[in-house]
file structure19.cif (mmCIF, C-alpha atoms)
data_protein
loop_
_atom_site.group_PDB
_atom_site.id
_atom_site.type_symbol
_atom_site.label_atom_id
_atom_site.label_comp_id
_atom_site.auth_asym_id
_atom_site.auth_seq_id
_atom_site.Cartn_x
_atom_site.Cartn_y
_atom_site.Cartn_z
ATOM 1 C CA MET A 2 123.078 104.553 71.468
ATOM 2 C CA SER A 3 120.658 101.815 70.513
ATOM 3 C CA ALA A 4 121.166 98.096 71.093
ATOM 4 C CA LEU A 5 124.672 96.964 70.197
ATOM 5 C CA THR A 6 125.484 94.097 67.849
ATOM 6 C CA TRP A 7 129.024 92.695 67.797
ATOM 7 C CA ALA A 8 130.421 91.756 64.393
ATOM 8 C CA VAL A 9 133.684 90.838 62.696
ATOM 9 C CA ALA A 10 135.142 91.435 59.252
ATOM 10 C CA ALA A 11 138.513 91.295 57.546
ATOM 11 C CA VAL A 12 140.411 93.062 54.837
ATOM 12 C CA VAL A 13 141.599 89.945 53.011
ATOM 13 C CA SER A 14 144.340 90.524 50.469
ATOM 14 C CA ASP A 15 146.301 88.263 48.180
ATOM 15 C CA GLY A 16 149.895 88.352 46.944
ATOM 16 C CA SER A 17 149.031 90.580 43.991
ATOM 17 C CA GLY A 18 147.505 93.376 46.082
ATOM 18 C CA ARG A 19 143.867 92.542 45.489
ATOM 19 C CA VAL A 20 141.187 92.822 48.179
ATOM 20 C CA LEU A 21 138.340 90.312 48.630
ATOM 21 C CA LEU A 22 134.914 91.966 48.863
ATOM 22 C CA CYS A 23 131.370 90.635 49.011
ATOM 23 C CA ARG A 24 128.602 92.141 46.931
ATOM 24 C CA ARG A 25 125.572 92.047 49.190
ATOM 25 C CA SER A 26 122.287 90.988 47.660
ATOM 26 C CA GLY A 27 119.028 92.528 48.722
ATOM 27 C CA GLY A 28 118.279 96.200 49.100
ATOM 28 C CA VAL A 29 120.785 98.526 47.497
ATOM 29 C CA PRO A 30 123.642 96.413 46.077
ATOM 30 C CA ARG A 31 126.819 97.456 47.873
ATOM 31 C CA TRP A 32 130.208 95.917 48.427
ATOM 32 C CA GLY A 33 131.389 95.077 51.916
ATOM 33 C CA LEU A 34 134.077 93.188 53.748
ATOM 34 C CA PRO A 35 133.508 89.490 54.354
ATOM 35 C CA GLY A 36 132.476 88.763 57.913
ATOM 36 C CA GLY A 37 129.502 88.307 60.191
ATOM 37 C CA ARG A 38 128.168 88.405 63.728
ATOM 38 C CA LEU A 39 129.820 86.962 66.795
ATOM 39 C CA ARG A 40 128.189 84.025 68.480
ATOM 40 C CA HIS A 41 127.915 84.258 72.247
ATOM 41 C CA ASP A 42 130.513 81.529 72.779
ATOM 42 C CA GLU A 43 133.323 82.633 70.456
ATOM 43 C CA SER A 44 136.096 85.194 70.380
ATOM 44 C CA PRO A 45 136.322 87.851 67.649
ATOM 45 C CA PRO A 46 139.279 86.102 65.904
ATOM 46 C CA ASP A 47 137.464 82.744 65.891
ATOM 47 C CA ALA A 48 134.272 84.415 64.636
ATOM 48 C CA ALA A 49 136.189 86.163 61.835
ATOM 49 C CA VAL A 50 137.776 82.959 60.526
ATOM 50 C CA ARG A 51 134.465 81.068 60.768
ATOM 51 C CA SER A 52 132.275 83.731 59.162
ATOM 52 C CA ILE A 53 134.721 84.527 56.344
ATOM 53 C CA ARG A 54 134.939 80.824 55.511
ATOM 54 C CA ALA A 55 131.139 80.572 55.518
ATOM 55 C CA GLU A 56 130.639 83.664 53.360
ATOM 56 C CA THR A 57 133.454 83.339 50.845
ATOM 57 C CA GLY A 58 134.423 79.673 50.957
ATOM 58 C CA ARG A 59 138.002 80.731 51.737
ATOM 59 C CA LEU A 60 140.088 79.838 54.778
ATOM 60 C CA VAL A 61 142.039 82.834 56.045
ATOM 61 C CA GLU A 62 144.816 83.496 58.523
ATOM 62 C CA LEU A 63 144.435 86.637 60.602
ATOM 63 C CA VAL A 64 147.480 88.899 60.631
ATOM 64 C CA ASP A 65 146.419 91.586 63.105
ATOM 65 C CA LEU A 66 143.586 93.832 64.229
ATOM 66 C CA VAL A 67 143.104 96.911 62.054
ATOM 67 C CA GLY A 68 140.626 98.412 64.482
ATOM 68 C CA LEU A 69 137.164 98.732 65.942
ATOM 69 C CA TYR A 70 134.499 100.430 63.832
ATOM 70 C CA LEU A 71 131.217 101.605 65.332
ATOM 71 C CA VAL A 72 128.503 101.733 62.673
ATOM 72 C CA ALA A 73 125.657 103.871 63.932
ATOM 73 C CA ASP A 74 122.909 106.115 62.678
ATOM 74 C CA PRO A 75 122.467 108.795 65.338
ATOM 75 C CA SER A 76 119.879 110.568 63.195
ATOM 76 C CA ALA A 77 117.543 107.560 63.089
ATOM 77 C CA PRO A 78 114.289 108.488 64.786
ATOM 78 C CA VAL A 79 113.302 106.631 67.902
ATOM 79 C CA PRO A 80 110.157 104.627 67.096
ATOM 80 C CA PRO A 81 106.931 105.314 68.964
ATOM 81 C CA ALA A 82 106.104 103.204 72.013
ATOM 82 C CA GLY A 83 105.027 99.678 71.150
ATOM 83 C CA ARG A 84 106.873 99.637 67.817
ATOM 84 C CA CYS A 85 110.065 97.829 66.874
ATOM 85 C CA GLY A 86 113.223 99.746 67.660
ATOM 86 C CA ARG A 87 115.609 101.275 65.188
ATOM 87 C CA ALA A 88 118.394 99.216 63.691
ATOM 88 C CA PRO A 89 121.053 98.335 66.263
ATOM 89 C CA ASP A 90 124.441 99.986 66.325
ATOM 90 C CA VAL A 91 127.147 97.553 65.223
ATOM 91 C CA LEU A 92 130.661 97.319 66.662
ATOM 92 C CA VAL A 93 132.853 95.632 64.057
ATOM 93 C CA HIS A 94 136.256 94.121 64.853
ATOM 94 C CA VAL A 95 138.126 94.485 61.544
ATOM 95 C CA PHE A 96 141.171 92.280 61.011
ATOM 96 C CA ARG A 97 143.863 92.207 58.357
ATOM 97 C CA ALA A 98 143.967 88.703 56.827
ATOM 98 C CA GLN A 99 145.524 86.638 54.085
ATOM 99 C CA LEU A 100 144.501 83.418 52.421
ATOM 100 C CA ALA A 101 145.670 80.283 54.195
ATOM 101 C CA ASN A 102 148.198 78.359 52.115
ATOM 102 C CA GLY A 103 146.791 75.496 50.098
ATOM 103 C CA ALA A 104 143.198 75.998 51.236
ATOM 104 C CA PRO A 105 140.836 75.365 48.324
ATOM 105 C CA ALA A 106 137.698 77.437 48.007
ATOM 106 C CA ALA A 107 134.512 75.866 49.319
ATOM 107 C CA GLU A 108 130.904 76.747 48.552
ATOM 108 C CA THR A 109 129.863 80.302 49.446
ATOM 109 C CA ALA A 110 126.883 81.379 51.521
ATOM 110 C CA PRO A 111 123.865 82.894 49.806
ATOM 111 C CA GLY A 112 123.754 86.675 50.013
ATOM 112 C CA CYS A 113 127.483 87.189 49.510
ATOM 113 C CA HIS A 114 128.986 87.224 46.059
ATOM 114 C CA PRO A 115 132.775 87.310 46.705
ATOM 115 C CA GLU A 116 135.044 88.947 44.171
ATOM 116 C CA TRP A 117 138.662 90.126 44.116
ATOM 117 C CA HIS A 118 139.339 93.806 43.363
ATOM 118 C CA PRO A 119 142.644 95.627 42.775
ATOM 119 C CA SER A 120 143.242 97.853 45.791
ATOM 120 C CA ASP A 121 143.635 100.881 43.519
ATOM 121 C CA ALA A 122 140.364 100.204 41.652
ATOM 122 C CA LEU A 123 137.760 99.381 44.301
ATOM 123 C CA PRO A 124 134.049 99.531 43.451
ATOM 124 C CA ARG A 125 132.337 102.869 44.031
ATOM 125 C CA ALA A 126 129.445 101.322 45.972
ATOM 126 C CA LEU A 127 131.307 100.469 49.189
ATOM 127 C CA THR A 128 129.682 100.648 52.593
ATOM 128 C CA PRO A 129 131.095 103.533 54.677
ATOM 129 C CA ALA A 130 132.682 101.128 57.187
ATOM 130 C CA THR A 131 134.269 99.110 54.364
ATOM 131 C CA ARG A 132 135.681 102.245 52.760
ATOM 132 C CA ALA A 133 137.211 103.359 56.071
ATOM 133 C CA ALA A 134 138.557 99.929 57.048
ATOM 134 C CA VAL A 135 140.145 99.221 53.652
ATOM 135 C CA ALA A 136 141.809 102.656 53.655
ATOM 136 C CA ASP A 137 143.133 102.050 57.177
ATOM 137 C CA ALA A 138 144.358 98.522 56.369
ATOM 138 C CA LEU A 139 146.078 99.547 53.131
ATOM 139 C CA ALA A 140 147.761 102.438 54.947
ATOM 140 C CA GLY A 141 149.176 99.921 57.455
ATOM 141 C CA ARG A 142 147.219 101.309 60.407
ATOM 142 C CA SER A 143 146.436 99.191 63.472
ATOM 143 C CA GLY A 144 144.540 100.027 66.635
ATOM 144 C CA VAL A 145 142.094 102.345 64.879
ATOM 145 C CA LEU A 146 138.946 103.425 66.724
ATOM 146 C CA ARG A 147 136.462 104.878 64.285
ATOM 147 C CA ASN A 148 132.827 105.924 64.208
ATOM 148 C CA THR A 149 131.322 105.383 60.782
ATOM 149 C CA PRO A 150 127.863 106.371 59.617
ATOM 150 C CA ALA A 151 125.334 103.681 58.798
ATOM 151 C CA ALA A 152 125.010 105.330 55.373
ATOM 152 C CA ASP A 153 127.088 107.765 53.389
ATOM 153 C CA PRO A 154 126.365 111.339 54.427
ATOM 154 C CA PRO A 155 125.353 113.516 51.479
ATOM 155 C CA ARG A 156 128.094 115.831 50.228
ATOM 156 C CA ALA A 157 127.331 119.058 48.403
ATOM 157 C CA ASP A 158 130.217 118.509 45.973
ATOM 158 C CA ALA A 159 129.542 114.795 45.396
ATOM 159 C CA HIS A 160 128.331 113.255 42.209
ATOM 160 C CA PRO A 161 125.762 110.477 42.834
ATOM 161 C CA SER A 162 128.254 107.829 41.680
ATOM 162 C CA ASP A 163 131.100 109.087 43.903
ATOM 163 C CA GLY A 164 132.162 107.124 46.929
ATOM 164 C CA VAL A 165 135.792 106.099 46.618
ATOM 165 C CA GLY A 166 138.589 108.135 48.091
ATOM 166 C CA THR A 167 136.778 110.108 50.751
ATOM 167 C CA ALA A 168 139.131 111.523 53.329
ATOM 168 C CA PRO A 169 139.569 109.692 56.621
ATOM 169 C CA GLY A 170 138.428 111.395 59.813
ATOM 170 C CA GLN A 171 140.386 113.861 61.851
ATOM 171 C CA ARG A 172 142.867 112.886 64.547
ATOM 172 C CA SER A 173 141.584 112.952 68.086
ATOM 173 C CA PRO A 174 143.766 114.383 70.877
ATOM 174 C CA GLY A 175 144.670 110.814 71.903
ATOM 175 C CA GLY A 176 146.119 110.148 68.455
ATOM 176 C CA LEU A 177 143.526 107.600 67.381
ATOM 177 C CA ASP A 178 141.558 108.173 64.223
ATOM 178 C CA THR A 179 137.966 108.518 65.345
ATOM 179 C CA GLY A 180 136.550 108.833 61.863
ATOM 180 C CA ARG A 181 134.343 111.754 62.802
ATOM 181 C CA ARG A 182 133.743 114.070 59.884
#

call {"tool": "encode", "arguments": {"input": "structure19.cif", "output": "structure tokens"}}
result
Amino acid sequence: MSALTWAVAAVVSDGSGRVLLCRRSGGVPRWGLPGGRLRHDESPPDAAVRSIRAETGRLVELVDLVGLYLVADPSAPVPPAGRCGRAPDVLVHVFRAQLANGAPAAETAPGCHPEWHPSDALPRALTPATRAAVADALAGRSGVLRNTPAADPPRADAHPSDGVGTAPGQRSPGGLDTGRR
């Protein structure tokens, strides 16, 4: 495992069954859950409310914890001595959230372009952790522990535009979905 970064995100839904996603600018455009990194002096719930407000301009109320998602790239080569290290592994606390009543939208942060999507018609270009967390949240799961790849693993039967509806991981003996493929 490389260095570990702690982050938060939420599956934010509205009364009509839509999910709020952020289209990330820079690099390959992909959709992800709104959220961000924890500051050293805040709890995961406080960080989630703060970072979602900063990214989307929306005030949310957390409902519960969907799970913990480890985003890692175990195949990333270790850099030679004296070079910067590989990207850190990220442990994401993913919450289920809803919009706070009567909270108007504020200005959004650069880099996140928030947009509502019907839960049955999500964009194809979702990050692997987003795909897993949304599936878990919509299925009503809580307490999930899942390892997710930093990038989608190639599939022999996949079309380049595929990405939605991949099967969740297998059950571990302890009953928690580990997300291992």

call {"tool": "resolve_selection", "arguments": {"input": "structure19.cif", "expression": "the PyMOL selection byres ((chain A and resi 52-69) around 6)", "output": "compact mmCIF listing (two decimals) with C-alpha atoms, in the coordinates of the input"}}
result
# COMPACT_ATOMS: atom_id res chain seq x y z
CA PRO A 35 133.51 89.49 54.35
CA GLY A 36 132.48 88.76 57.91
CA GLY A 37 129.50 88.31 60.19
CA ALA A 48 134.27 84.42 64.64
CA ALA A 49 136.19 86.16 61.84
CA VAL A 50 137.78 82.96 60.53
CA ARG A 51 134.46 81.07 60.77
CA TYR A 70 134.50 100.43 63.83
CA VAL A 93 132.85 95.63 64.06
CA HIS A 94 136.26 94.12 64.85
CA VAL A 95 138.13 94.48 61.54
CA PHE A 96 141.17 92.28 61.01
CA ARG A 97 143.86 92.21 58.36
CA ALA A 98 143.97 88.70 56.83
CA GLN A 99 145.52 86.64 54.08
CA LEU A 100 144.50 83.42 52.42
CA ALA A 101 145.67 80.28 54.20
CA ALA A 106 137.70 77.44 48.01
CA ALA A 107 134.51 75.87 49.32
CA GLU A 108 130.90 76.75 48.55
CA THR A 109 129.86 80.30 49.45
CA ALA A 110 126.88 81.38 51.52
CA PRO A 115 132.78 87.31 46.70
CA SER A 143 146.44 99.19 63.47
CA GLY A 144 144.54 100.03 66.64
CA VAL A 145 142.09 102.34 64.88
CA LEU A 146 138.95 103.42 66.72

call {"tool": "residues_near_point", "arguments": {"input": "structure19.cif", "point": "(132.1, 92.9, 69.8)", "cutoff": "10 Å", "atoms": "all atoms listed in the file", "output": "PDB file with C-alpha atoms, in the frame of the given file"}}
result
ATOM      1  CA  LEU A   5     124.672  96.964  70.197  1.00  0.00           C
ATOM      2  CA  THR A   6     125.484  94.097  67.849  1.00  0.00           C
ATOM      3  CA  TRP A   7     129.024  92.695  67.797  1.00  0.00           C
ATOM      4  CA  ALA A   8     130.421  91.756  64.393  1.00  0.00           C
ATOM      5  CA  VAL A   9     133.684  90.838  62.696  1.00  0.00           C
ATOM      6  CA  ARG A  38     128.168  88.405  63.728  1.00  0.00           C
ATOM      7  CA  LEU A  39     129.820  86.962  66.795  1.00  0.00           C
ATOM      8  CA  ARG A  40     128.189  84.025  68.480  1.00  0.00           C
ATOM      9  CA  HIS A  41     127.915  84.258  72.247  1.00  0.00           C
ATOM     10  CA  SER A  44     136.096  85.194  70.380  1.00  0.00           C
ATOM     11  CA  PRO A  45     136.322  87.851  67.649  1.00  0.00           C
ATOM     12  CA  LEU A  69     137.164  98.732  65.942  1.00  0.00           C
ATOM     13  CA  TYR A  70     134.499 100.430  63.832  1.00  0.00           C
ATOM     14  CA  LEU A  71     131.217 101.605  65.332  1.00  0.00           C
ATOM     15  CA  VAL A  91     127.147  97.553  65.223  1.00  0.00           C
ATOM     16  CA  LEU A  92     130.661  97.319  66.662  1.00  0.00           C
ATOM     17  CA  VAL A  93     132.853  95.632  64.057  1.00  0.00           C
ATOM     18  CA  HIS A  94     136.256  94.121  64.853  1.00  0.00           C
TER      19      HIS A  94
END

call {"tool": "resolve_selection", "arguments": {"input": "structure19.cif", "expression": "the PyMOL selection byres ((chain A and resi 127) around 9)", "output": "NGL selection string"}}
result
:A and (31-33 or 123-126 or 128-132 or 164-165)

call {"tool": "atom_distance", "arguments": {"input": "structure19.cif", "atom1": "atom CA of A:Ala4", "atom2": "atom CA of A:Asp90"}}
result
6.1 Å

call {"tool": "atom_distance", "arguments": {"input": "structure19.cif", "atom1": "atom CA of A:Pro30", "atom2": "atom CA of A:Val13"}}
result
20.3 Å

call {"tool": "atom_distance", "arguments": {"input": "structure19.cif", "atom1": "atom CA of A:Gly112", "atom2": "atom CA of A:Ala140"}}
result
29.1 Å

call {"tool": "resolve_selection", "arguments": {"input": "structure19.cif", "expression": "the PyMOL selection byres ((chain A and resi 20) around 10)", "output": "PyMOL selection string"}}
result
chain A and resi 11-19+21-22+34+98-99+116-123+135+139

call {"tool": "write_last_selection", "arguments": {"input": "structure19.cif", "atoms": "C-alpha atoms", "output": "short mmCIF file (atom, residue, chain, number, x, y, z; two decimals), in the frame of the given file"}}
result
data_model
loop_
_atom_site.label_atom_id
_atom_site.label_comp_id
_atom_site.auth_asym_id
_atom_site.auth_seq_id
_atom_site.Cartn_x
_atom_site.Cartn_y
_atom_site.Cartn_z
CA ALA A 11 138.51 91.30 57.55
CA VAL A 12 140.41 93.06 54.84
CA VAL A 13 141.60 89.94 53.01
CA SER A 14 144.34 90.52 50.47
CA ASP A 15 146.30 88.26 48.18
CA GLY A 16 149.90 88.35 46.94
CA SER A 17 149.03 90.58 43.99
CA GLY A 18 147.50 93.38 46.08
CA ARG A 19 143.87 92.54 45.49
CA LEU A 21 138.34 90.31 48.63
CA LEU A 22 134.91 91.97 48.86
CA LEU A 34 134.08 93.19 53.75
CA ALA A 98 143.97 88.70 56.83
CA GLN A 99 145.52 86.64 54.08
CA GLU A 116 135.04 88.95 44.17
CA TRP A 117 138.66 90.13 44.12
CA HIS A 118 139.34 93.81 43.36
CA PRO A 119 142.64 95.63 42.78
CA SER A 120 143.24 97.85 45.79
CA ASP A 121 143.64 100.88 43.52
CA ALA A 122 140.36 100.20 41.65
CA LEU A 123 137.76 99.38 44.30
CA VAL A 135 140.15 99.22 53.65
CA LEU A 139 146.08 99.55 53.13
#
